[in-house]
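Peer 1: A single structure is presented below for examination.
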Amino acid sequence: MRLASWNVNSIRARIDRVIAFLDRANVDVLAMQEIKCRPDQFPTERFTAAGYEVACHGLHQYNGVAIASRVGLADVAESFPGQPSFAKAGEEGVVEARALGAMCGDVRVWSVYVPNGRTLDDPHYAYKLEFLRALARAAGPWASEGPIALVGDWNVAPLDTDIWSLDAPEAATHVARDAREALAAIERAGLEELSRRYLPEPHTYTFWDYQQLRFPRGEGMRIDFAYASPALASRARAAAIDRAERKGAGASDHAPVMVDFVDAPGSVVP
DNA sequence: ATGACTTGGACACCAAGA
């Protein structure tokens with residue numbers, strides 16, 4: 001099974017590229033982030049025509065996550081247990097559309113979009129830390145349950161070599177010690193990050209800002225990752241970052257991250 | 001080379017991203 005994760009930065013603006021990518025990269029399951037629409041606006045029929053089932057969770061033009069699968073899609077869950085809400089000043093808290101889980105074949109796949117954080121003194125930054133900590137708590141029991149993948153846009157650059165410049169002001173929320181610590185809790189919960197296993201080269205990026213010619217200058221960040229439980233990590237064989245998807249007109253600012261898994265030992269291929 | 005980000009919503013500006 002080939003599993004891909006991609007912050008598409010609007011599924012409606014990116015649908016042609018996404019469908020072409022599924023075919024070109026031979027993707028079985030695609031976890032999307034930042035779909036930027038509600039379910040009634042999601043181009044479901046384009047995925048159906050390509051042979052994929054779709055689940056999506058979106059509240060409005062911000063955030064939003066989805067999963068497309070051609071190996072089955074069942075037991076869909078919006079938000080993870082204990083997912084924190086965010087309250088704008090003077091408003092009720094809202095559990096934002098940042099996590100979606102589904103059974104895809106025998107793998108439980110979660111598409112995750114961690115809050116950006118904006119700036120270190122912004123309420124969104126505390127929200128980001130709480131989101132990561134709550135997800136690590138939820139993932140603790142999952143790690144020993146079976147094949148589970150947590151993939152998405154984590155908005156944290158764990159290593160100094162995961163970013164072109166530690167001094168970029170927009171990077172502060174992605175390299176801060178407590179942000180990195182909050183992400184490390186996911187690994188301490190027993191999950192392994194698989195893109196790093198196969199792609200350890202420093203300055204291997206998954207995101208390049210639209211501004212300041214970041215992509216042509218090679219100035220990016222590595223913030224998209226694929227975590228897996230031991231039962232799934234043992235079945236991983238390869239990973240790739242599809243840098244080509246950042247090229248050309250109409251590209252997302254993120255590239256897809258892909259991981260290949262072999263079938264479980266003893267599984268029967270229908 | 002004298003450039004300068006993209007998206008969606010209500011609107012020709014703004015919030016949000018990172």
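Residues in the structure tokens are named by chain (A, B, ... in the order shown) and by number from 1 within that chain; ligands are numbered from 1 in the order shown.
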Write out as a PyMOL selection string the residues lying within 8 Å of Arg12 (chain A), counting only C-alpha atoms (C1' of nucleotides) and excluding same-chain residues fewer than 6 positions away.

Peer 2: chain A and resi 35+37+42-43

Peer 1: Using DSSP on the backbone coordinates, identify all residues within region 13-168 of chain A classified as alpha helix (DSSP H); present the result as a compact mmCIF listing (two decimals) with N, CA and C atoms, in the first residue's frame.

Peer 2:
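Now in result_31.txt:
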```
# COMPACT_ATOMS: atom_id res chain seq x y z
N ALA A 13 -8.88 24.51 -5.59
CA ALA A 13 -7.89 25.13 -6.47
C ALA A 13 -6.91 24.09 -7.01
N ARG A 14 -6.81 22.93 -6.35
CA ARG A 14 -5.74 21.97 -6.66
C ARG A 14 -6.25 20.68 -7.27
N ILE A 15 -7.57 20.56 -7.49
CA ILE A 15 -8.14 19.25 -7.81
C ILE A 15 -7.50 18.59 -9.04
N ASP A 16 -7.24 19.36 -10.09
CA ASP A 16 -6.65 18.74 -11.29
C ASP A 16 -5.26 18.15 -10.96
N ARG A 17 -4.48 18.91 -10.22
CA ARG A 17 -3.14 18.42 -9.87
C ARG A 17 -3.21 17.22 -8.95
N VAL A 18 -4.17 17.24 -8.02
CA VAL A 18 -4.28 16.13 -7.06
C VAL A 18 -4.68 14.83 -7.78
N ILE A 19 -5.66 14.91 -8.67
CA ILE A 19 -6.09 13.72 -9.41
C ILE A 19 -4.94 13.20 -10.28
N ALA A 20 -4.24 14.12 -10.92
CA ALA A 20 -3.10 13.71 -11.76
C ALA A 20 -2.00 13.07 -10.90
N PHE A 21 -1.82 13.59 -9.71
CA PHE A 21 -0.80 13.04 -8.80
C PHE A 21 -1.15 11.62 -8.37
N LEU A 22 -2.41 11.37 -8.05
CA LEU A 22 -2.83 10.03 -7.63
C LEU A 22 -2.47 9.00 -8.70
N ASP A 23 -2.71 9.38 -9.95
CA ASP A 23 -2.44 8.47 -11.06
C ASP A 23 -0.93 8.33 -11.30
N ARG A 24 -0.25 9.45 -11.37
CA ARG A 24 1.18 9.45 -11.68
C ARG A 24 1.99 8.73 -10.61
N THR A 44 -15.96 15.62 -4.60
CA THR A 44 -15.99 14.17 -4.37
C THR A 44 -16.04 13.36 -5.67
N GLU A 45 -16.84 13.86 -6.62
CA GLU A 45 -17.05 13.08 -7.84
C GLU A 45 -15.76 12.89 -8.65
N ARG A 46 -14.84 13.83 -8.52
CA ARG A 46 -13.57 13.68 -9.24
C ARG A 46 -12.77 12.50 -8.69
N PHE A 47 -12.85 12.31 -7.37
CA PHE A 47 -12.16 11.17 -6.75
C PHE A 47 -12.89 9.87 -7.07
N THR A 48 -14.22 9.92 -7.02
CA THR A 48 -15.01 8.73 -7.33
C THR A 48 -14.71 8.25 -8.74
N ALA A 49 -14.66 9.19 -9.67
CA ALA A 49 -14.39 8.83 -11.06
C ALA A 49 -13.01 8.21 -11.22
N PRO A 123 -2.25 33.51 21.07
CA PRO A 123 -3.00 32.39 21.65
C PRO A 123 -2.95 31.13 20.78
N HIS A 124 -2.76 31.32 19.49
CA HIS A 124 -2.68 30.16 18.59
C HIS A 124 -1.46 29.29 18.88
N TYR A 125 -0.44 29.89 19.48
CA TYR A 125 0.75 29.10 19.77
C TYR A 125 0.51 28.15 20.95
N ALA A 126 -0.15 28.66 22.00
CA ALA A 126 -0.52 27.79 23.12
C ALA A 126 -1.47 26.68 22.64
N TYR A 127 -2.35 27.06 21.74
CA TYR A 127 -3.28 26.10 21.13
C TYR A 127 -2.53 25.00 20.38
N LYS A 128 -1.51 25.41 19.64
CA LYS A 128 -0.68 24.46 18.90
C LYS A 128 -0.02 23.44 19.84
N LEU A 129 0.54 23.94 20.93
CA LEU A 129 1.20 23.05 21.89
C LEU A 129 0.19 22.09 22.51
N GLU A 130 -0.97 22.63 22.88
CA GLU A 130 -2.00 21.79 23.50
C GLU A 130 -2.52 20.73 22.53
N PHE A 131 -2.64 21.13 21.27
CA PHE A 131 -3.09 20.20 20.23
C PHE A 131 -2.12 19.02 20.13
N LEU A 132 -0.83 19.33 20.06
CA LEU A 132 0.18 18.27 19.93
C LEU A 132 0.22 17.38 21.18
N ARG A 133 0.12 17.99 22.34
CA ARG A 133 0.17 17.22 23.59
C ARG A 133 -1.04 16.31 23.71
N ALA A 134 -2.22 16.83 23.32
CA ALA A 134 -3.44 16.03 23.39
C ALA A 134 -3.37 14.88 22.39
N LEU A 135 -2.79 15.14 21.22
CA LEU A 135 -2.68 14.08 20.22
C LEU A 135 -1.73 12.98 20.69
N ALA A 136 -0.65 13.39 21.36
CA ALA A 136 0.29 12.40 21.89
C ALA A 136 -0.40 11.53 22.95
N ARG A 137 -1.24 12.15 23.77
CA ARG A 137 -1.99 11.38 24.78
C ARG A 137 -2.93 10.38 24.11
N ALA A 138 -3.63 10.85 23.06
CA ALA A 138 -4.56 9.96 22.35
C ALA A 138 -3.81 8.83 21.65
N ALA A 139 -2.59 9.13 21.18
CA ALA A 139 -1.83 8.15 20.39
C ALA A 139 -1.19 7.08 21.26
N GLY A 140 -1.07 7.34 22.54
CA GLY A 140 -0.43 6.38 23.44
C GLY A 140 -1.04 4.99 23.34
N PRO A 141 -2.36 4.85 23.58
CA PRO A 141 -3.00 3.55 23.46
C PRO A 141 -2.97 2.99 22.03
N TRP A 142 -3.05 3.89 21.03
CA TRP A 142 -3.06 3.43 19.63
C TRP A 142 -1.78 2.69 19.27
```

Peer 1: List every residue of chain A that has an atom at most 6 Å from any atom of chain B, giving for each one its closest atom pair and the distance in Å to one decimal, counting only C-alpha atoms (C1' of nucleotides), sorted by chain and then by ascending residue number, as CSV.

Peer 2:
```
residue,atom,partner,partner_atom,distance
A:Glu170,CA,B:DA18,C1',5.4
A:Tyr210,CA,B:DC5,C1',4.6
A:Gln211,CA,B:DC5,C1',4.7
```

Peer 1: Tell me which of A:Thr206, A:Gln212, A:Gln83, A:Ser10 sits closest to Asn155 (chain A), counting only C-alpha atoms.

Peer 2: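 Residue with the minimum atom-to-atom distance to Asn155 (chain A): A:Thr206.
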
Peer 1: Smallest atom-to-atom distance to His57 (chain A): which of A:Leu100, A:Val29, A:Asp40, A:Ala231, using only C-alpha atoms?

Peer 2: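 So, comparing all the options, the nearest one is A:Leu100.
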
Peer 1: Among region 10-248 of chain A, which ones does DSSP place in strand (DSSP E or B), written as a PyMOL selection string?

Peer 2: chain A and resi 29-33+53-57+65-69+74-78+86+94+99-104+107-113+148-153+163+192-193+207+221+224-228+236-241

Peer 1: From the set A:Val268, A:Val71, A:Ala226, A:Ala143, which residue has the shortest atom-to-atom contact distance to Gly190 (chain A), counting only C-alpha atoms?

Peer 2: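 The answer is A:Ala143, which sits nearest to Gly190 (chain A).
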
Peer 1: Within 12 Å of region 91-96 of chain A, counting only C-alpha atoms (C1' of nucleotides), which residues qualify if same-chain residues fewer than 5 places away don't, as JSON, numbers by chain?

Peer 2: {"A": [34, 36, 57, 58, 59, 60, 61, 62, 63, 64, 65, 78, 79, 80, 81, 82, 83, 84, 85, 86, 112, 113, 114, 115, 127, 128, 131]}
